[in-house]
file model_9.cif (mmCIF, C-alpha atoms and all ligand atoms)
data_query
loop_
_atom_site.label_atom_id
_atom_site.label_comp_id
_atom_site.auth_asym_id
_atom_site.auth_seq_id
_atom_site.Cartn_x
_atom_site.Cartn_y
_atom_site.Cartn_z
CA MET R 286 128.61 -17.34 -59.83
CA LEU R 287 126.11 -18.90 -57.47
CA PHE R 288 124.64 -15.75 -55.93
CA SER R 289 124.28 -13.82 -59.13
CA HIS R 290 121.67 -11.15 -59.33
CA ARG R 291 119.57 -13.41 -61.52
CA ASN R 292 119.68 -16.31 -59.09
CA VAL R 293 118.59 -14.09 -56.25
CA VAL R 294 115.68 -12.86 -58.32
CA ILE R 295 114.69 -16.42 -59.18
CA ALA R 296 114.96 -17.51 -55.56
CA LEU R 297 112.78 -14.58 -54.50
CA ALA R 298 110.22 -15.41 -57.14
CA VAL R 299 110.08 -19.01 -55.92
CA LEU R 300 109.67 -17.82 -52.33
CA VAL R 301 106.89 -15.42 -53.26
CA THR R 302 105.14 -18.15 -55.25
CA LEU R 303 105.41 -20.55 -52.32
CA PHE R 304 104.10 -17.89 -50.00
CA LEU R 305 101.16 -17.12 -52.27
CA PHE R 306 100.49 -20.82 -52.72
CA PHE R 307 100.29 -21.45 -49.00
CA ARG R 308 98.30 -18.33 -48.21
CA PRO R 309 94.93 -19.92 -47.45
CA SER R 310 96.34 -22.37 -44.90
CA LYS R 311 98.55 -19.70 -43.35
CA LEU R 312 95.55 -17.50 -42.80
CA LYS R 313 94.26 -19.99 -40.24
CA GLU R 314 97.17 -19.14 -37.98
CA ILE R 315 97.48 -15.40 -38.48
CA SER R 316 94.83 -12.73 -38.17
CA PRO R 317 93.50 -11.01 -41.29
CA LEU R 318 95.37 -7.88 -40.27
CA GLN R 319 98.71 -9.67 -39.94
CA TYR R 320 98.04 -11.19 -43.32
CA LEU R 321 97.44 -7.75 -44.88
CA ARG R 322 100.63 -6.43 -43.32
CA ALA R 323 102.62 -9.39 -44.59
CA LEU R 324 101.51 -8.54 -48.11
CA GLY R 325 101.88 -4.78 -47.64
CA LYS R 326 98.24 -4.23 -48.59
CA GLU R 327 97.01 -2.56 -45.44
CA SER R 328 95.87 0.80 -46.95
CA PRO R 329 97.61 3.10 -44.42
CA GLU R 330 95.28 6.04 -45.34
CA ILE R 331 92.58 4.27 -43.33
CA LEU R 332 94.58 4.95 -40.17
CA ASN R 333 94.02 8.68 -40.52
CA SER R 334 91.58 10.71 -38.43
CA THR R 335 88.74 10.31 -40.92
CA LEU R 336 89.20 6.56 -41.41
CA GLY R 337 90.27 6.98 -45.03
CA PHE R 338 87.07 8.84 -45.93
CA GLN R 339 87.24 12.50 -46.76
CA GLN R 340 85.13 13.47 -43.75
CA ILE R 341 83.07 11.88 -40.96
CA PHE R 342 79.68 13.40 -40.10
CA VAL R 343 77.63 12.70 -37.01
CA ILE R 344 73.93 13.53 -37.08
CA SER R 345 72.84 14.81 -33.71
CA LEU R 346 70.28 17.23 -32.30
CA PRO R 347 72.14 20.23 -30.80
CA GLU R 348 70.08 19.95 -27.58
CA ARG R 349 71.26 16.38 -26.98
CA SER R 350 74.38 17.62 -25.27
CA ASP R 351 74.63 14.26 -23.47
CA ARG R 352 75.02 12.45 -26.77
CA ARG R 353 77.47 15.01 -28.08
CA ASP R 354 79.62 14.69 -24.97
CA ALA R 355 79.70 10.91 -25.34
CA MET R 356 80.36 10.97 -29.09
CA THR R 357 83.09 13.59 -28.70
CA LEU R 358 84.93 11.38 -26.21
CA ALA R 359 84.36 8.18 -28.16
CA ALA R 360 85.79 9.82 -31.29
CA VAL R 361 88.79 11.43 -29.63
CA LEU R 362 89.68 8.25 -27.74
CA SER R 363 89.61 6.40 -31.08
CA LYS R 364 91.75 9.12 -32.75
CA ILE R 365 88.86 10.03 -35.04
CA ASP R 366 87.74 13.51 -36.05
CA VAL R 367 83.99 14.05 -36.50
CA THR R 368 81.90 16.94 -37.81
CA TRP R 369 78.40 17.60 -36.42
CA ILE R 370 75.37 17.79 -38.64
CA ASP R 371 72.41 19.12 -36.70
CA GLY R 372 69.50 16.76 -36.42
CA VAL R 373 66.17 18.15 -37.64
CA ALA R 374 62.90 18.11 -35.69
CA GLY R 375 59.99 16.76 -37.73
CA LYS R 376 57.87 19.83 -37.00
CA ASP R 377 60.46 21.99 -38.75
CA VAL R 378 60.06 20.17 -42.05
CA LEU R 379 57.57 22.12 -44.15
CA ASP R 380 55.12 20.17 -46.27
CA LYS R 381 56.24 22.02 -49.36
CA VAL R 382 59.83 20.78 -49.10
CA VAL R 383 59.06 17.07 -49.10
CA PRO R 384 59.05 15.18 -52.41
CA GLY R 385 55.63 15.06 -54.05
CA ASP R 386 54.95 11.41 -53.47
CA ALA R 387 55.00 11.87 -49.70
CA TYR R 388 51.85 13.99 -49.58
CA ASP R 389 49.32 11.15 -49.51
CA LYS R 390 51.32 9.02 -47.13
CA SER R 391 51.35 9.42 -43.40
CA ILE R 392 55.04 9.90 -42.80
CA SER R 393 55.66 10.35 -39.10
CA LYS R 394 57.22 13.57 -37.83
CA GLY R 395 60.21 11.59 -36.58
CA ASN R 396 60.77 10.06 -40.00
CA LYS R 397 60.51 13.46 -41.67
CA GLY R 398 63.10 14.99 -39.37
CA SER R 399 65.48 12.09 -39.81
CA TRP R 400 65.01 12.16 -43.60
CA ARG R 401 65.86 15.86 -43.71
CA ALA R 402 68.97 15.46 -41.57
CA HIS R 403 70.29 12.70 -43.83
CA MET R 404 69.47 14.79 -46.94
CA ASN R 405 71.37 17.71 -45.38
CA VAL R 406 74.49 15.56 -45.02
CA LEU R 407 74.19 14.30 -48.57
CA GLN R 408 73.72 17.88 -49.78
CA ARG R 409 76.94 18.89 -48.03
CA VAL R 410 78.87 15.96 -49.49
CA VAL R 411 77.64 16.84 -52.97
CA LYS R 412 78.20 20.59 -52.61
CA SER R 413 81.82 20.15 -51.47
CA ASN R 414 82.43 17.45 -54.11
CA MET R 415 83.83 15.11 -51.44
CA THR R 416 85.15 11.82 -52.75
CA SER R 417 83.58 10.00 -49.80
CA ALA R 418 82.05 10.59 -46.39
CA LEU R 419 81.11 8.42 -43.45
CA ILE R 420 77.79 9.25 -41.78
CA LEU R 421 77.16 8.17 -38.20
CA GLU R 422 74.15 8.41 -35.92
CA ASP R 423 75.02 9.89 -32.55
CA ASP R 424 74.45 6.69 -30.56
CA ALA R 425 76.78 4.60 -32.71
CA ASP R 426 79.50 2.57 -31.03
CA TRP R 427 82.48 0.67 -32.39
CA ASP R 428 85.46 -1.44 -31.41
CA ILE R 429 88.58 0.47 -30.35
CA ARG R 430 90.29 -1.52 -33.14
CA VAL R 431 87.98 -0.01 -35.77
CA LYS R 432 90.84 1.31 -37.90
CA SER R 433 92.39 -2.09 -38.39
CA GLN R 434 88.94 -3.61 -38.91
CA LEU R 435 88.35 -1.09 -41.70
CA GLN R 436 91.71 -1.91 -43.28
CA VAL R 437 90.56 -5.51 -43.52
CA PHE R 438 87.11 -4.47 -44.72
CA ALA R 439 88.55 -2.23 -47.45
CA GLN R 440 90.50 -5.13 -48.89
CA ALA R 441 87.50 -7.48 -48.65
CA ALA R 442 85.21 -4.92 -50.32
CA ARG R 443 87.31 -4.56 -53.46
CA PRO R 444 85.81 -7.50 -55.35
CA PHE R 445 82.61 -5.41 -55.21
CA THR R 446 83.98 -1.89 -55.47
CA GLN R 447 87.01 -2.07 -57.71
CA PRO R 448 86.75 -2.97 -61.41
CA THR R 449 89.34 -5.42 -62.69
CA PRO R 450 92.28 -3.62 -64.36
CA LYS R 451 91.98 -5.89 -67.40
CA LYS R 452 88.92 -6.27 -69.55
CA PRO R 453 85.99 -6.43 -68.94
CA HIS R 454 86.77 -3.77 -66.26
CA LYS R 455 84.01 -4.97 -63.98
CA PRO R 456 84.00 -5.77 -60.28
CA ILE R 457 84.62 -9.46 -59.62
CA ALA R 458 81.25 -9.66 -57.84
CA ASP R 459 79.51 -9.01 -61.15
CA LEU R 460 81.58 -11.57 -62.99
CA LEU R 461 80.99 -14.34 -60.48
CA THR R 462 77.20 -14.28 -60.35
CA TYR R 463 76.46 -17.61 -61.93
CA ASP R 464 73.57 -19.95 -62.19
CA THR R 465 73.99 -22.46 -59.37
CA GLN R 466 72.43 -23.14 -56.01
CA MET R 467 75.67 -22.33 -54.24
CA PRO R 468 76.56 -18.65 -54.10
CA PRO R 469 80.10 -17.82 -55.20
CA GLU R 470 82.48 -17.30 -52.30
CA LEU R 471 86.08 -16.18 -51.99
CA SER R 472 88.17 -16.31 -48.89
CA PHE R 473 89.98 -13.12 -47.91
CA ALA R 474 93.28 -14.65 -49.05
CA GLN R 475 91.94 -15.40 -52.53
CA ILE R 476 91.22 -11.79 -53.45
CA PRO R 477 93.32 -10.91 -56.50
CA SER R 478 96.07 -8.44 -55.64
CA ASP R 479 95.63 -6.26 -58.73
CA LEU R 480 92.50 -4.47 -57.50
CA VAL R 481 94.18 -1.18 -56.66
CA PRO R 482 91.89 1.84 -56.26
CA LYS R 483 92.83 5.47 -56.92
CA LEU R 484 89.91 7.54 -55.60
CA THR R 485 89.32 6.04 -52.15
CA PRO R 486 91.05 3.21 -50.29
CA TYR R 487 87.69 1.41 -50.31
CA GLY R 488 87.53 1.24 -54.11
CA ASP R 489 86.67 3.53 -56.99
CA ASP R 490 83.27 2.22 -58.04
CA TRP R 491 80.75 2.12 -55.22
CA ASP R 492 77.77 4.04 -53.88
CA VAL R 493 77.22 2.99 -50.27
CA LEU R 494 79.31 1.07 -47.72
CA TRP R 495 76.80 0.07 -45.06
CA LEU R 496 79.09 -0.43 -42.07
CA GLY R 497 76.65 -0.19 -39.14
CA HIS R 498 73.22 -1.85 -39.24
CA CYS R 499 70.80 -3.89 -37.15
CA GLY R 500 70.27 -6.68 -39.63
CA THR R 501 71.15 -7.70 -43.17
CA GLU R 502 70.82 -10.80 -45.35
CA LEU R 503 73.18 -12.63 -47.60
CA PRO R 504 71.83 -11.91 -51.10
CA LYS R 505 69.58 -14.68 -52.40
CA ASN R 506 70.12 -16.60 -55.57
CA SER R 507 69.89 -13.98 -58.25
CA VAL R 508 68.62 -16.36 -60.94
CA LEU R 509 65.52 -17.45 -59.02
CA PRO R 510 62.26 -15.62 -59.66
CA PRO R 511 61.69 -12.72 -57.27
CA ALA R 512 60.60 -13.81 -53.82
CA THR R 513 57.22 -12.66 -52.57
CA PRO R 514 57.71 -9.96 -50.00
CA GLU R 515 57.56 -11.27 -46.46
CA GLY R 516 58.41 -9.88 -43.08
CA THR R 517 60.72 -7.06 -43.94
CA GLY R 518 58.40 -5.69 -46.61
CA SER R 519 61.27 -5.66 -49.06
CA THR R 520 60.84 -7.09 -52.53
CA THR R 521 63.19 -8.21 -55.23
CA PRO R 522 63.58 -6.47 -58.59
CA SER R 523 62.25 -8.68 -61.39
CA ASP R 524 65.27 -7.91 -63.59
CA PRO R 525 68.06 -10.16 -62.22
CA SER R 526 70.75 -7.78 -63.42
CA GLN R 527 69.41 -5.19 -60.99
CA ARG R 528 69.63 -7.47 -57.94
CA PRO R 529 72.58 -7.40 -55.55
CA PRO R 530 75.34 -9.83 -56.60
CA GLN R 531 75.69 -12.97 -54.52
CA LEU R 532 79.42 -13.10 -53.96
CA ARG R 533 80.55 -13.54 -50.34
CA ILE R 534 84.00 -12.66 -49.12
CA SER R 535 84.76 -14.59 -45.96
CA ILE R 536 87.25 -13.30 -43.43
CA PRO R 537 88.13 -16.26 -41.22
CA GLY R 538 89.93 -16.01 -37.89
CA ASP R 539 89.01 -12.40 -37.14
CA PRO R 540 89.61 -12.05 -33.39
CA THR R 541 87.32 -9.00 -33.24
CA VAL R 542 84.24 -11.10 -34.17
CA PRO R 543 82.36 -12.59 -31.17
CA GLU R 544 81.36 -16.26 -31.07
CA ALA R 545 78.03 -17.29 -32.65
CA ARG R 546 75.98 -17.15 -29.42
CA HIS R 547 76.69 -13.39 -29.18
CA LEU R 548 75.70 -12.56 -32.74
CA LYS R 549 72.37 -10.77 -32.46
CA ALA R 550 71.14 -7.29 -33.32
CA HIS R 551 69.74 -6.49 -29.87
CA PRO R 552 69.45 -8.31 -26.54
CA PHE R 553 66.02 -9.82 -27.35
CA ALA R 554 66.75 -10.71 -30.97
CA LEU R 555 67.19 -14.20 -32.37
CA ASN R 556 70.73 -15.20 -33.16
CA ASP R 557 71.98 -14.27 -36.63
CA ALA R 558 72.00 -17.06 -39.21
CA LEU R 559 75.64 -16.23 -39.88
CA GLY R 560 76.74 -18.04 -36.72
CA GLU R 561 75.33 -21.34 -38.04
CA LEU R 562 76.72 -20.94 -41.53
CA TYR R 563 80.35 -20.18 -40.69
CA PRO R 564 82.96 -21.17 -38.10
CA PRO R 565 83.38 -18.86 -35.09
CA HIS R 566 85.19 -15.56 -35.71
CA THR R 567 84.24 -15.32 -39.37
CA ARG R 568 83.20 -12.00 -40.83
CA ILE R 569 81.46 -11.86 -44.21
CA VAL R 570 81.57 -8.93 -46.62
CA HIS R 571 78.72 -9.02 -49.12
CA ALA R 572 76.38 -6.89 -51.20
CA SER R 573 73.72 -5.19 -49.12
CA SER R 574 70.41 -7.04 -49.09
CA ALA R 575 67.48 -6.21 -46.80
CA THR R 576 69.80 -4.18 -44.56
CA THR R 577 68.15 -2.00 -41.90
CA CYS R 578 69.15 0.76 -39.44
CA THR R 579 71.65 3.41 -40.46
CA GLN R 580 74.02 3.63 -37.49
CA ALA R 581 76.87 4.05 -39.96
CA TYR R 582 77.12 4.20 -43.72
CA ALA R 583 79.58 5.73 -46.11
CA VAL R 584 78.70 7.34 -49.41
CA SER R 585 80.89 8.07 -52.39
CA GLN R 586 80.40 11.32 -54.30
CA ARG R 587 78.48 9.37 -56.93
CA GLY R 588 76.36 7.63 -54.29
CA ALA R 589 75.57 10.93 -52.55
CA ARG R 590 74.43 12.50 -55.82
CA LYS R 591 72.20 9.56 -56.70
CA LEU R 592 70.69 9.41 -53.22
CA LEU R 593 70.08 13.16 -53.04
CA TRP R 594 68.32 13.02 -56.40
CA GLN R 595 66.21 10.00 -55.49
CA PHE R 596 65.28 10.94 -51.95
CA GLY R 597 65.74 14.71 -51.86
CA LEU R 598 63.67 15.26 -54.98
CA GLN R 599 61.63 12.16 -55.84
CA THR R 600 60.70 9.95 -52.93
CA LEU R 601 59.79 10.10 -49.27
CA THR R 602 57.63 7.13 -48.42
CA ALA R 603 59.13 5.54 -45.31
CA GLY R 604 61.85 5.82 -42.69
CA TRP R 605 65.25 6.68 -44.13
CA ASP R 606 66.81 3.30 -43.43
CA LEU R 607 63.96 1.46 -45.17
CA MET R 608 64.25 3.64 -48.24
CA LEU R 609 68.01 3.13 -48.32
CA ARG R 610 67.45 -0.62 -47.90
CA ASP R 611 65.15 -0.73 -50.92
CA TRP R 612 67.43 1.49 -52.96
CA CYS R 613 70.39 -0.80 -52.31
CA ASP R 614 68.20 -3.83 -53.08
CA GLY R 615 67.70 -2.38 -56.58
CA LEU R 616 64.03 -1.46 -56.18
CA TYR R 617 64.41 2.03 -57.59
CA ALA R 618 65.85 0.71 -60.81
CA ALA R 619 63.64 2.29 -63.43
CA PRO R 620 64.27 0.83 -66.90
CA ALA R 621 63.24 4.19 -68.37
CA GLU R 622 66.52 5.65 -67.20
CA GLY R 623 68.21 3.93 -70.08
CA LYS R 624 71.14 1.73 -70.88
CA GLY R 625 73.82 3.62 -68.99
CA ARG R 626 72.10 3.14 -65.69
CA LYS R 627 73.75 0.79 -63.25
CA ARG R 628 72.44 -1.02 -60.23
CA PRO R 629 73.63 0.73 -57.05
CA ILE R 630 76.76 -0.76 -55.52
CA CYS R 631 76.10 -1.10 -51.81
CA VAL R 632 78.45 -3.27 -49.77
CA THR R 633 77.87 -4.35 -46.21
CA VAL R 634 79.50 -6.51 -43.57
CA SER R 635 78.21 -9.10 -41.10
CA PRO R 636 78.59 -8.76 -38.22
CA PRO R 637 78.62 -4.97 -38.65
CA LEU R 638 81.55 -2.77 -37.59
CA PHE R 639 79.38 -0.07 -36.03
CA SER R 640 76.40 -0.76 -33.83
CA HIS R 641 73.72 0.89 -31.71
CA HIS R 642 74.81 1.54 -28.14
CA PHE R 643 72.14 0.68 -25.58
CA GLY R 644 72.94 3.07 -22.78
CA LYS R 645 72.25 2.60 -19.10
CA GLY R 646 68.73 3.76 -18.25
CA ALA R 647 68.63 5.70 -21.50
CA ALA R 648 65.36 7.42 -22.27
CA SER R 649 63.23 5.07 -24.31
CA ASP R 650 63.59 5.79 -27.97
CA ILE R 651 60.94 4.15 -30.09
CA THR R 652 63.09 4.19 -33.17
CA ALA R 653 65.84 2.19 -31.48
CA PRO R 654 66.28 -1.38 -32.71
CA GLY R 655 64.52 -3.85 -30.41
CA GLY R 656 61.64 -1.42 -29.88
CA GLY R 657 63.45 0.85 -27.47
CA PHE R 658 65.12 -1.73 -25.27
CA VAL R 659 65.97 -0.14 -21.98
CA ASN R 660 67.95 -1.87 -19.28
CA LYS R 661 68.78 0.20 -16.27
CA GLU R 662 71.36 -2.32 -15.11
CA LYS R 663 73.32 -3.25 -18.13
CA GLU R 664 74.67 -1.17 -20.96
CA MET R 665 75.60 -3.02 -24.11
CA THR R 666 76.46 -2.71 -27.78
CA PRO R 667 75.62 -5.66 -30.02
CA TYR R 668 78.48 -7.27 -31.97
CA VAL R 669 81.24 -5.00 -30.61
CA ARG R 670 83.83 -6.71 -28.43
CA LEU R 671 86.15 -3.93 -27.23
CA SER R 672 83.40 -1.31 -27.19
CA VAL R 673 84.64 2.26 -26.96
CA ARG R 674 81.52 3.38 -25.07
CA LEU R 675 81.72 0.60 -22.50
CA ASN R 676 85.43 1.16 -21.97
CA MET R 677 85.26 4.94 -21.96
CA GLY R 678 86.17 5.34 -18.28
CA ARG R 679 89.21 3.10 -18.73
CA LEU R 680 90.25 4.79 -21.97
CA VAL R 681 89.99 8.25 -20.42
CA ALA R 682 92.21 7.01 -17.60
CA GLY R 683 94.78 5.95 -20.17
CA ALA R 684 94.20 2.20 -20.24
CA GLY R 685 95.94 0.17 -22.93
CA LEU R 686 94.35 -2.43 -25.18
CA GLU R 687 95.08 -5.27 -22.74
CA ASP R 688 93.24 -3.46 -19.92
CA LEU R 689 89.98 -3.07 -21.83
CA VAL R 690 86.91 -5.21 -21.13
CA ASP R 691 85.77 -7.61 -23.82
CA GLN R 692 81.95 -7.71 -23.81
CA PHE R 693 81.85 -11.12 -25.45
CA PRO R 694 84.80 -13.25 -24.33
CA ASP R 695 85.19 -16.67 -25.95
CA GLU R 696 83.85 -19.65 -24.08
CA LYS R 697 86.66 -21.30 -22.13
CA ARG R 698 87.51 -24.71 -23.52
CA VAL R 699 88.63 -27.43 -21.14
C1 LIG J 1 92.23 10.51 -44.86
O1 LIG J 1 92.41 9.80 -46.07
C2 LIG J 1 91.45 10.05 -47.08
C3 LIG J 1 91.76 9.11 -48.23
O2 LIG J 1 93.05 9.25 -48.69
C4 LIG J 1 91.47 11.52 -47.48
O3 LIG J 1 90.51 11.80 -48.45
C5 LIG J 1 91.24 12.36 -46.25
O4 LIG J 1 91.36 13.72 -46.58
C6 LIG J 1 92.24 12.01 -45.16
N1 LIG J 1 91.87 12.72 -43.95
C7 LIG J 1 92.71 13.57 -43.37
C8 LIG J 1 92.22 14.23 -42.12
O5 LIG J 1 93.83 13.81 -43.82
C1 LIG J 2 84.93 16.80 -58.23
O1 LIG J 2 86.02 15.96 -57.92
C2 LIG J 2 86.47 15.17 -59.02
C3 LIG J 2 87.60 14.28 -58.52
O2 LIG J 2 87.27 13.61 -57.35
C4 LIG J 2 86.92 16.04 -60.15
O3 LIG J 2 87.29 15.24 -61.26
C5 LIG J 2 85.79 17.00 -60.55
O4 LIG J 2 86.26 17.90 -61.52
C6 LIG J 2 85.30 17.77 -59.33
N1 LIG J 2 84.16 18.58 -59.70
C7 LIG J 2 84.04 19.85 -59.34
C8 LIG J 2 82.79 20.53 -59.74
O5 LIG J 2 84.91 20.42 -58.71
#
call {"tool": "encode", "arguments": {"input": "model_9.cif", "output": "structure tokens"}}
result
Amino acid sequence: MLFSHRNVVIALAVLVTLFLFFRPSKLKEISPLQYLRALGKESPEILNSTLGFQQIFVISLPERSDRRDAMTLAAVLSKIDVTWIDGVAGKDVLDKVVPGDAYDKSISKGNKGSWRAHMNVLQRVVKSNMTSALILEDDADWDIRVKSQLQVFAQAARPFTQPTPKKPHKPIADLLTYDTQMPPELSFAQIPSDLVPKLTPYGDDWDVLWLGHCGTELPKNSVLPPATPEGTGSTTPSDPSQRPPQLRISIPGDPTVPEARHLKAHPFALNDALGELYPPHTRIVHASSATTCTQAYAVSQRGARKLLWQFGLQTLTAGWDLMLRDWCDGLYAAPAEGKGRKRPICVTVSPPLFSHHFGKGAASDITAPGGGFVNKEKEMTPYVRLSVRLNMGRLVAGAGLEDLVDQFPDEKRV
């Protein structure tokens, strides 16, 4: 019989093989999200009100009612549920509570307050044994399509965050760090399909997902000797096994990524190198390296414990984002901690998914990226096309996706 059960199974297998074989070329025509849906790998948990994390915290001073109003609306309009964590004023941080090594250093009051607020969130995550939490600063902005962006990100992060099911049970990023000039790179469509996490949709083996920043670098060749510190003040651990892995996951054809000329961390910044390295509308997921600003980062339970130990009890030497940068870069890797110790797993994304919102005529804030850029005329949010903040009036009025304003429309081609 021609249409026997067996024949149908064989025909299906051939179809699936053909489909898998032609994946990379197909991806040029469909968006990464359509691709995920076609394969049924879209992690539907990420569509929930906490974006697939156990909880979302927003750090905000109670007296900044203006920021709380704006964040409340931005969250609700994005179908997201947030929990406040009160910001801490520097003057309220007693000398005796800061880690010992901070005494000799002149840590600013602002940095002390910010440090304490972030430690308070980590403490809460640890105390409640949360599997994961997303931590936002109260001026963070995002694209109204953030849920689908995170579905794509979660898949792209797995080569870093999810050990292979077969031996050697390590993330692919660790297996692909080899000794060449060219860093290893996988396209979104080449990610093996057997990386299926149990604990969180973002993977089971990670510490930090740095989703909102004001600058990051693609990790440098991990076999070269450590670079001398320049500019950022960051250095490289001398032990190569402690440096961030070099793998890049490229997500081509992402319609939520602006063209290269719009890729910059603030209005006065130079354009990101990413725009020159990749075709337009490419997003790259990679290990965190020299990342700064903490507009948005997620921690796993393990990551929260490690960070609370390191920075609640041991170290307070700089602004929180700079300490987190160095921690992710592997600089706190003390060999004395023994064999079991592992380099932190911090994954980031360029361009970022969350970004600092530069409000209209906002009070100058010296800690803002760009040195407190204030523009009374023009509000903006770097990197974010369908910004929730900039479309808030329309969203409140019930506008649909097609009625929203794109901050960075593509150049018209003639
Ligand atoms: C959203 O999904 C995550 C991951 O499955 C889960 O931990 C979290 O509790 C969910 N949030 C809500 C509000 O159900
Ligand atoms: C914390 O949660 C993990 C699972 O996520 C569980 O195995 C562990 O027993 C919990 N610890 C406590 C103290 O409840």
call {"tool": "closest_atom_pairs", "arguments": {"input": "model_9.cif", "of": "segment 430-508 of chain R", "to": "segment 601-612 of chain R", "cutoff": "12 Å", "atoms": "only C-alpha atoms", "output": "JSON lines"}}
result
{"residue": "R:Asp492", "atom": "CA", "partner": "R:Trp612", "partner_atom": "CA", "distance": 10.7}
{"residue": "R:Val493", "atom": "CA", "partner": "R:Leu609", "partner_atom": "CA", "distance": 9.4}
{"residue": "R:Leu494", "atom": "CA", "partner": "R:Leu609", "partner_atom": "CA", "distance": 11.5}
{"residue": "R:Trp495", "atom": "CA", "partner": "R:Arg610", "partner_atom": "CA", "distance": 9.8}
{"residue": "R:Gly497", "atom": "CA", "partner": "R:Asp606", "partner_atom": "CA", "distance": 11.3}
{"residue": "R:His498", "atom": "CA", "partner": "R:Asp606", "partner_atom": "CA", "distance": 9.2}
{"residue": "R:Cys499", "atom": "CA", "partner": "R:Asp606", "partner_atom": "CA", "distance": 10.3}
{"residue": "R:Gly500", "atom": "CA", "partner": "R:Arg610", "partner_atom": "CA", "distance": 10.6}
{"residue": "R:Thr501", "atom": "CA", "partner": "R:Arg610", "partner_atom": "CA", "distance": 9.3}
{"residue": "R:Glu502", "atom": "CA", "partner": "R:Arg610", "partner_atom": "CA", "distance": 11.0}
call {"tool": "closest_residue", "arguments": {"input": "model_9.cif", "among": "R:Asn556, R:Asn405, R:Ser585, R:Ser393", "to": "ligand LIG 1 (chain J)", "atoms": "all atoms listed in the file"}}
result
R:Ser585
call {"tool": "residues_near_ligand", "arguments": {"input": "model_9.cif", "ligand": "ligand LIG 1 (chain J)", "cutoff": "8 Å", "atoms": "all atoms listed in the file", "output": "ChimeraX atom specification"}}
result
/R:330-340,366,416-417,484-486
call {"tool": "residues_near_point", "arguments": {"input": "model_9.cif", "point": "(75.1, 1.9, -28.9)", "cutoff": "8 Å", "atoms": "only C-alpha atoms", "output": "list in words"}}
result
Asp424, Ala425, Asp426, Ser640, His641, His642, Phe643, Gly644, Met665, Thr666, Pro667 and Arg674 of chain R
call {"tool": "closest_residue", "arguments": {"input": "model_9.cif", "among": "R:Val367, R:Leu419, R:Ile476, R:Val411", "to": "ligand LIG 2 (chain J)", "atoms": "all atoms listed in the file"}}
result
R:Val411
call {"tool": "atom_distance", "arguments": {"input": "model_9.cif", "atom1": "atom CA of Tyr582 of chain R", "atom2": "atom CA of Ala545 of chain R"}}
result
24.2 Å
